[in-house]
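**Student:** Input file: work_21.cif. Contents: mmCIF, C-alpha atoms and all ligand atoms.
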```
data_work
#
loop_
_atom_site.label_atom_id
_atom_site.label_comp_id
_atom_site.auth_asym_id
_atom_site.auth_seq_id
_atom_site.Cartn_x
_atom_site.Cartn_y
_atom_site.Cartn_z
CA MET A 21 61.13 195.91 100.41
CA LYS A 22 60.24 196.48 104.04
CA ASN A 23 59.80 192.78 104.58
CA ALA A 24 62.57 192.29 107.11
CA PRO A 25 62.71 194.79 109.96
CA SER A 26 66.19 196.10 110.75
CA PRO A 27 67.63 195.29 114.20
CA GLU A 28 66.86 198.90 115.24
CA ALA A 29 63.26 198.57 114.08
CA GLN A 30 62.95 195.25 115.90
CA LEU A 31 64.30 196.80 119.09
CA GLU A 32 61.69 199.54 118.83
CA MET A 33 58.99 196.90 118.34
CA PHE A 34 60.28 195.14 121.46
CA ARG A 35 60.21 198.43 123.39
CA ARG A 36 56.61 199.05 122.39
CA MET A 37 55.64 195.49 123.34
CA CYS A 38 57.23 196.10 126.76
CA LEU A 39 55.18 199.31 127.11
CA VAL A 40 51.98 197.43 126.33
CA ARG A 41 52.82 194.58 128.73
CA ALA A 42 53.51 197.04 131.56
CA LEU A 43 50.30 198.93 130.71
CA GLU A 44 48.16 195.79 130.77
CA GLU A 45 49.65 194.49 134.00
CA GLU A 46 49.14 197.81 135.75
CA LEU A 47 45.56 198.01 134.45
CA GLY A 48 44.96 194.55 135.95
CA ARG A 49 46.22 195.82 139.32
CA GLN A 50 44.18 199.01 139.04
CA HIS A 51 41.00 197.06 138.30
CA LYS A 52 41.56 194.98 141.46
CA ALA A 53 42.11 198.23 143.38
CA GLY A 54 38.78 199.51 142.06
CA THR A 55 40.08 202.54 140.20
CA THR A 56 38.93 201.55 136.70
CA ARG A 57 35.35 202.51 136.00
CA GLY A 58 34.49 199.34 134.15
CA PRO A 59 36.09 196.20 132.82
CA ILE A 60 39.29 196.44 130.82
CA HIS A 61 39.94 194.10 127.91
CA ARG A 62 43.59 193.25 128.37
CA CYS A 63 45.74 192.29 125.40
CA ASP A 64 48.81 190.95 127.17
CA GLY A 65 50.02 187.82 125.45
CA GLN A 66 48.78 189.27 122.15
CA GLU A 67 51.18 192.24 121.90
CA ALA A 68 52.96 190.84 118.85
CA VAL A 69 49.86 191.27 116.69
CA GLY A 70 49.17 194.96 117.26
CA ILE A 71 52.85 195.89 117.39
CA GLY A 72 53.93 193.73 114.43
CA VAL A 73 51.13 195.01 112.19
CA THR A 74 51.61 198.69 112.96
CA ALA A 75 55.42 198.58 112.69
CA ALA A 76 55.04 197.62 109.04
CA LEU A 77 52.85 200.65 108.25
CA GLU A 78 53.50 204.30 107.47
CA THR A 79 52.15 207.01 109.78
CA ALA A 80 49.72 208.12 107.06
CA ASP A 81 48.24 204.62 106.75
CA LYS A 82 45.04 204.22 108.72
CA ILE A 83 44.03 201.51 111.13
CA THR A 84 40.95 200.50 113.09
CA THR A 85 41.02 198.08 115.97
CA THR A 86 38.85 196.37 118.56
CA HIS A 87 37.81 196.72 122.19
CA ARG A 88 41.16 195.04 122.93
CA GLY A 89 43.26 197.57 121.04
CA HIS A 90 45.95 198.90 123.38
CA ALA A 91 48.81 197.34 121.38
CA VAL A 92 47.51 198.97 118.20
CA TYR A 93 47.23 202.37 119.94
CA ILE A 94 50.84 202.24 121.12
CA GLY A 95 52.11 200.56 117.95
CA LYS A 96 50.60 203.20 115.65
CA GLY A 97 52.50 205.87 117.52
CA MET A 98 50.34 207.10 120.38
CA GLN A 99 52.24 207.97 123.54
CA PRO A 100 51.39 206.11 126.77
CA GLY A 101 50.53 209.35 128.63
CA PRO A 102 47.43 210.33 126.59
CA VAL A 103 46.37 206.67 126.30
CA VAL A 104 46.43 206.07 130.06
CA ALA A 105 44.79 209.43 130.76
CA GLU A 106 42.04 208.53 128.30
CA ILE A 107 41.47 205.14 129.91
CA PHE A 108 40.92 206.95 133.22
CA GLY A 109 38.66 209.58 131.67
CA ARG A 110 40.97 212.55 132.22
CA ALA A 111 40.89 215.84 130.31
CA THR A 112 44.51 215.17 129.26
CA GLY A 113 43.47 211.94 127.51
CA ALA A 114 43.85 211.47 123.77
CA CYS A 115 40.12 212.11 123.30
CA GLY A 116 39.70 214.61 126.13
CA GLY A 117 38.57 211.88 128.53
CA ARG A 118 35.35 211.10 126.66
CA ALA A 119 36.26 207.86 124.89
CA GLY A 120 37.22 205.35 127.58
CA HIS A 121 39.57 202.47 126.87
CA MET A 122 37.71 200.89 123.93
CA LEU A 123 37.31 203.90 121.65
CA VAL A 124 40.66 205.65 121.72
CA ALA A 125 41.68 207.44 118.53
CA ASP A 126 44.36 209.80 117.28
CA ALA A 127 43.86 210.63 113.63
CA SER A 128 47.20 212.48 113.51
CA VAL A 129 49.00 209.10 113.60
CA GLY A 130 46.37 207.21 111.58
CA MET A 131 44.88 205.54 114.64
CA ILE A 132 41.26 205.91 113.63
CA GLY A 133 39.80 204.10 116.57
CA GLY A 134 39.12 201.14 118.74
CA ASN A 135 35.51 199.99 118.62
CA ALA A 136 33.10 198.55 121.16
CA ILE A 137 30.81 197.31 118.38
CA VAL A 138 32.20 193.89 117.52
CA GLY A 139 33.15 193.96 113.83
CA GLY A 140 32.50 197.72 113.58
CA GLY A 141 36.04 198.62 112.56
CA ILE A 142 36.01 196.27 109.56
CA PRO A 143 33.65 198.15 107.20
CA ALA A 144 35.10 201.44 108.44
CA ALA A 145 38.53 200.40 107.17
CA ALA A 146 37.06 199.17 103.88
CA GLY A 147 35.35 202.56 103.49
CA MET A 148 38.62 204.39 104.17
CA ALA A 149 40.31 202.20 101.57
CA LEU A 150 37.60 203.10 99.05
CA SER A 151 38.22 206.78 99.69
CA MET A 152 41.99 206.28 99.30
CA GLN A 153 41.37 204.50 95.99
CA VAL A 154 38.99 207.19 94.69
CA LEU A 155 41.35 209.99 95.72
CA GLY A 156 44.38 208.18 94.28
CA GLN A 157 46.21 208.23 97.61
CA PRO A 158 49.16 205.89 98.19
CA GLN A 159 48.02 204.80 101.66
CA VAL A 160 46.48 201.57 102.88
CA ALA A 161 43.79 200.96 105.47
CA VAL A 162 44.15 198.13 107.96
CA THR A 163 41.66 196.60 110.34
CA VAL A 164 42.47 194.33 113.26
CA PHE A 165 39.50 192.25 114.42
CA GLY A 166 38.84 189.15 116.52
CA ASP A 167 37.76 185.65 115.58
CA GLY A 168 34.35 186.48 117.08
CA ALA A 169 34.08 189.53 114.80
CA ALA A 170 34.99 187.29 111.87
CA GLN A 171 31.57 185.63 112.27
CA THR A 172 29.61 188.84 111.75
CA GLY A 173 27.74 189.56 108.53
CA ILE A 174 29.45 192.90 108.13
CA CYS A 175 32.86 191.20 108.04
CA HIS A 176 31.79 189.11 105.03
CA GLU A 177 30.15 192.06 103.29
CA ALA A 178 33.23 194.23 103.73
CA MET A 179 35.57 191.50 102.50
CA ASN A 180 33.40 190.83 99.48
CA MET A 181 33.25 194.49 98.41
CA ALA A 182 36.99 194.92 99.11
CA GLY A 183 37.78 191.92 96.91
CA LEU A 184 35.39 193.02 94.19
CA TRP A 185 36.71 196.58 94.05
CA LYS A 186 40.34 195.68 94.82
CA LEU A 187 40.43 198.08 97.74
CA PRO A 188 43.77 198.82 99.44
CA VAL A 189 42.81 197.24 102.76
CA VAL A 190 44.53 194.61 104.88
CA PHE A 191 42.29 192.46 107.08
CA VAL A 192 44.11 191.23 110.19
CA LEU A 193 42.23 188.53 112.04
CA GLU A 194 43.60 188.37 115.59
CA HIS A 195 42.70 184.76 116.25
CA ASN A 196 42.84 184.46 120.04
CA HIS A 197 40.56 181.42 120.07
CA PHE A 198 37.60 182.88 121.99
CA GLY A 199 34.70 185.29 121.56
CA LEU A 200 33.58 186.05 125.11
CA THR A 201 33.37 182.55 126.65
CA VAL A 202 32.78 180.79 123.33
CA PRO A 203 35.64 178.86 121.70
CA THR A 204 36.18 179.23 117.97
CA GLU A 205 35.21 175.66 117.09
CA VAL A 206 31.62 176.27 118.14
CA GLN A 207 31.41 179.64 116.36
CA SER A 208 32.81 178.93 112.93
CA ALA A 209 32.17 176.24 110.33
CA THR A 210 35.93 176.22 109.74
CA GLU A 211 38.73 177.03 112.13
CA ASP A 212 41.03 177.62 109.16
CA PHE A 213 39.98 181.21 108.51
CA ALA A 214 42.51 181.62 105.70
CA LEU A 215 40.27 179.39 103.55
CA ARG A 216 37.64 182.10 103.49
CA ALA A 217 39.81 184.57 101.57
CA ALA A 218 39.53 182.64 98.30
CA GLY A 219 35.79 183.27 98.33
CA TYR A 220 36.47 187.00 98.29
CA GLY A 221 39.19 186.86 95.64
CA MET A 222 42.05 187.76 97.96
CA PRO A 223 45.18 186.01 99.21
CA ALA A 224 45.59 184.94 102.82
CA VAL A 225 48.45 183.98 105.05
CA THR A 226 48.36 182.38 108.50
CA VAL A 227 51.15 183.44 110.84
CA ASP A 228 52.32 182.81 114.38
CA GLY A 229 50.63 185.74 116.09
CA ASN A 230 53.07 185.56 119.01
CA ASP A 231 55.99 186.30 116.72
CA ALA A 232 56.07 190.05 116.00
CA VAL A 233 58.53 189.66 113.13
CA ALA A 234 56.30 187.11 111.40
CA VAL A 235 53.33 189.47 111.78
CA TYR A 236 55.43 192.39 110.50
CA ARG A 237 56.56 190.48 107.40
CA ALA A 238 53.05 189.36 106.51
CA THR A 239 51.71 192.89 106.94
CA ALA A 240 54.50 194.47 104.90
CA GLU A 241 53.80 192.05 102.06
CA MET A 242 50.01 192.53 102.08
CA ALA A 243 50.34 196.31 102.40
CA GLU A 244 52.74 196.46 99.45
CA ARG A 245 50.35 194.46 97.29
CA ALA A 246 47.52 196.77 98.28
CA ARG A 247 49.63 199.86 97.49
CA ARG A 248 50.41 198.43 94.04
CA GLY A 249 46.67 198.33 93.37
CA GLU A 250 46.43 194.54 93.64
CA GLY A 251 43.70 194.65 96.24
CA PRO A 252 43.08 193.41 99.75
CA GLY A 253 44.60 190.54 101.71
CA LEU A 254 43.83 188.60 104.86
CA ILE A 255 46.32 187.84 107.62
CA VAL A 256 45.29 185.29 110.23
CA ALA A 257 47.48 185.82 113.29
CA ARG A 258 47.12 182.89 115.68
CA THR A 259 47.50 183.88 119.31
CA TYR A 260 45.70 183.30 122.59
CA ARG A 261 43.73 185.30 125.13
CA VAL A 262 45.73 184.46 128.26
CA GLU A 263 44.06 186.92 130.65
CA GLY A 264 40.40 186.14 129.99
CA PHE A 265 37.79 188.23 128.21
CA SER A 266 38.08 191.22 130.54
CA THR A 267 39.17 192.13 134.04
CA SER A 268 35.65 191.12 135.17
CA ASP A 269 35.99 187.60 133.72
CA MET A 270 35.30 184.91 136.36
CA GLY A 271 37.20 182.32 134.27
CA GLY A 272 36.63 178.58 134.46
CA TYR A 273 36.09 177.93 130.75
CA GLN A 274 39.68 177.98 129.47
CA SER A 275 41.82 174.95 130.16
CA PRO A 276 44.75 175.72 132.51
CA GLU A 277 47.00 173.50 130.37
CA GLU A 278 46.10 175.44 127.24
CA ILE A 279 46.74 178.79 128.95
CA ALA A 280 50.10 177.49 130.26
CA SER A 281 51.15 176.24 126.82
CA TRP A 282 50.55 179.68 125.30
CA LYS A 283 52.18 181.52 128.22
CA ALA A 284 55.26 179.40 127.57
CA ARG A 285 55.42 181.09 124.15
CA ASP A 286 55.38 184.63 125.48
CA PRO A 287 55.63 187.13 122.58
CA LEU A 288 58.06 189.30 124.55
CA ASP A 289 60.41 186.35 125.07
CA ILE A 290 60.15 185.43 121.37
CA ALA A 291 60.97 189.03 120.42
CA ALA A 292 63.89 189.14 122.87
CA GLU A 293 65.26 185.86 121.53
CA ALA A 294 65.15 187.21 117.97
CA LEU A 295 67.19 190.23 119.12
CA ARG A 296 69.91 188.28 120.96
CA SER A 297 72.31 188.24 118.01
CA SER A 298 72.14 192.06 117.78
CA TYR A 299 71.81 193.19 121.40
CA ASP A 300 73.05 191.84 124.73
CA ALA A 301 70.78 190.82 127.61
CA ASP A 302 71.57 194.00 129.61
CA THR A 303 70.39 196.22 126.76
CA LEU A 304 67.11 194.32 126.49
CA GLU A 305 66.58 194.42 130.26
CA ALA A 306 67.23 198.18 130.24
CA VAL A 307 64.54 198.56 127.55
CA ARG A 308 62.08 196.56 129.67
CA SER A 309 62.71 198.54 132.83
CA ALA A 310 62.57 201.92 131.04
CA ALA A 311 59.22 200.88 129.60
CA ARG A 312 57.89 200.00 133.07
CA GLN A 313 59.02 203.39 134.37
CA GLU A 314 57.40 205.21 131.46
CA ILE A 315 54.10 203.46 132.18
CA ASP A 316 54.36 204.19 135.91
CA ARG A 317 54.84 207.86 135.07
CA ALA A 318 51.85 207.81 132.70
CA PHE A 319 49.63 206.45 135.51
CA GLU A 320 50.91 209.00 138.03
CA GLU A 321 50.28 211.86 135.62
CA ALA A 322 46.84 210.54 134.67
CA PHE A 323 45.72 210.27 138.30
CA ALA A 324 46.92 213.81 138.95
CA ALA A 325 45.06 215.21 135.92
CA PRO A 326 41.60 216.79 136.07
CA PHE A 327 38.40 215.29 134.72
CA PRO A 328 36.89 217.08 131.71
CA SER A 329 34.24 219.67 132.17
CA PHE A 330 30.90 218.62 130.73
CA ALA A 331 29.26 222.03 131.10
CA VAL A 332 27.02 222.65 128.09
CA ASP A 333 27.21 226.05 126.47
CA THR A 334 23.43 226.56 126.19
CA ALA A 335 23.79 229.68 124.04
CA CYS A 336 25.42 227.57 121.32
CA HIS A 337 23.16 224.56 121.72
CA PRO A 338 21.10 223.88 118.56
CA TYR A 339 17.90 223.51 120.59
CA SER A 340 18.56 226.58 122.67
CA THR A 341 15.62 228.97 122.87
CA GLY A 342 18.07 231.78 123.61
CA ALA A 343 19.12 234.42 121.13
C1 LIG B 401 27.74 193.96 117.66
C2 LIG B 401 28.13 193.44 119.01
N1 LIG B 401 27.67 192.23 119.40
C3 LIG B 401 28.01 191.74 120.62
C4 LIG B 401 28.81 192.46 121.46
C5 LIG B 401 29.22 191.90 122.82
N2 LIG B 401 30.62 191.44 122.75
C6 LIG B 401 31.62 192.23 123.19
S1 LIG B 401 33.12 191.53 122.94
C7 LIG B 401 32.44 190.15 122.26
C8 LIG B 401 33.31 189.01 121.77
C9 LIG B 401 34.28 189.44 120.74
O1 LIG B 401 35.11 188.37 120.39
P1 LIG B 401 36.31 188.60 119.40
O2 LIG B 401 35.86 189.38 118.22
O3 LIG B 401 36.91 187.25 119.13
O4 LIG B 401 37.34 189.52 120.19
P2 LIG B 401 38.16 189.17 121.53
O5 LIG B 401 37.34 189.65 122.69
O6 LIG B 401 38.40 187.70 121.54
O7 LIG B 401 39.42 189.95 121.40
C10 LIG B 401 31.06 190.25 122.21
C11 LIG B 401 30.16 189.23 121.65
C12 LIG B 401 29.24 193.73 121.02
N3 LIG B 401 30.04 194.50 121.79
N4 LIG B 401 28.92 194.18 119.79
#
```
Before we go any further, please render this structure as structure tokens.
**Tutor:**
Amino acid sequence: MKNAPSPEAQLEMFRRMCLVRALEEELGRQHKAGTTRGPIHRCDGQEAVGIGVTAALETADKITTTHRGHAVYIGKGMQPGPVVAEIFGRATGACGGRAGHMLVADASVGMIGGNAIVGGGIPAAAGMALSMQVLGQPQVAVTVFGDGAAQTGICHEAMNMAGLWKLPVVFVLEHNHFGLTVPTEVQSATEDFALRAAGYGMPAVTVDGNDAVAVYRATAEMAERARRGEGPGLIVARTYRVEGFSTSDMGGYQSPEEIASWKARDPLDIAAEALRSSYDADTLEAVRSAARQEIDRAFEEAFAAPFPSFAVDTACHPYSTGA
């Protein structure tokens, strides 16, 4: 059973959460400085979801995520250097600088992609699970998606087929309470998303999405079921979007009290608290500061890297009139 992460595994989860926090904060500063070429969808405050889910998976398992997927990128095993370089469109980026921050992928670690099409990663994961089932592979597919994406038709279609065919897929609903400026209660007939799973013949569990260990345990359990051939499951991870929809968000529609109450339950603090019986405060602080330095280095290297060349080799082009 992988249901309880070891202290070493938990420390690594904490380290990755620190990397993501430093990444998001620096991206916020860079957006203000005008160096990002468009809005960035920050995931700070939600690190425990992406990191908790991915820590419970094997490298060969596959995952899709959203436009807010930095924690999943880092959690699934991508290094900060190629992620940051990709966000800034550099040739050294994970996708050669062509993907931007929402579409990053690295198939070698099972990170199949972020997605700018809301809900787009959900059927993709169900399709991967179908192929794993047909090929008799022992892996699972996982998809992380928002509460806005949960309202799309394709989400319901994918869940229905997954339940019907008992596909090895875990649906992780990252419930951060908003889709753009729209709160969940005016998007969904029920705010208790776990209720929906029964209609698709799958179990569901609702967890504290700011507690990485709780997310890990739920994922490990659902993934094991799926690997045993018992079909899909839904995890509803309740968290909150503390930094607005994107770096271009003008704000004004989230209550300051609500934001403050979620900030008081910072996932990094919750993870640190859970580690206190195994590691002293100095060790945890050293992990945090090493993570900040690693992110600083990733930004420096990205800014020093070249942009990709977009020269088209006309001789090889399918519509070329050449030889
Ligand atoms: C198919 C589609 N419809 C609309 C949009 C515009 N859009 C981008 S993000 C977003 C809200 C997504 O909300 P949610 O799924 O809850 O994710 P969150 O931003 O809260 O992480 C919308 C409507 C889009 N990108 N794709």
**Student:** Name all residues at most 8 Å from Val192 (chain A) (count only C-alpha atoms; drop same-chain ones fewer than 2 positions away) and give them as a ChimeraX atom specification.
**Tutor:** /A:162-165,190,194,254-257
**Student:** My list of candidates is A:Ala170, A:Ala325, A:Met181, A:Leu193. Which is closest to Asp228 (chain A) when distances are computed with all atoms listed in the file?
**Tutor:**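 Of the candidates, the smallest distance to Asp228 (chain A) is held by A:Leu193.
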**Student:** Counting only C-alpha atoms and all ligand atoms, what are the residues, protein, DNA or RNA alike, that approach ligand LIG 401 (chain B) to within 9 Å? I want them as a ChimeraX atom specification.
**Tutor:** /A:61-63,86-89,135-140,165-172,193-204,260-261,264-266
**Student:** Take the point (47.9, 192.6, 121.8) in the file's coordinates, draw a sphere of radius 6 Å around it, and report as a ChimeraX atom specification every protein, DNA or RNA residue with an atom inside or on it, counting only C-alpha atoms.
**Tutor:** /A:63-64,66-67,69-70,91
**Student:** Pick from A:Cys175, A:Ala53, A:Val160, A:Ile71: nearest to Asp231 (chain A), with all atoms listed in the file counted?
**Tutor:**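 When distances to Asp231 (chain A) are compared using all atoms listed in the file, the smallest one comes from A:Ile71.
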**Student:** Could you jot down the CA of Ala24 (chain A) to CA of Arg237 (chain A) separation for me, Å, one decimal place?
**Tutor:**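 These two atoms are separated by 6.3 Å.
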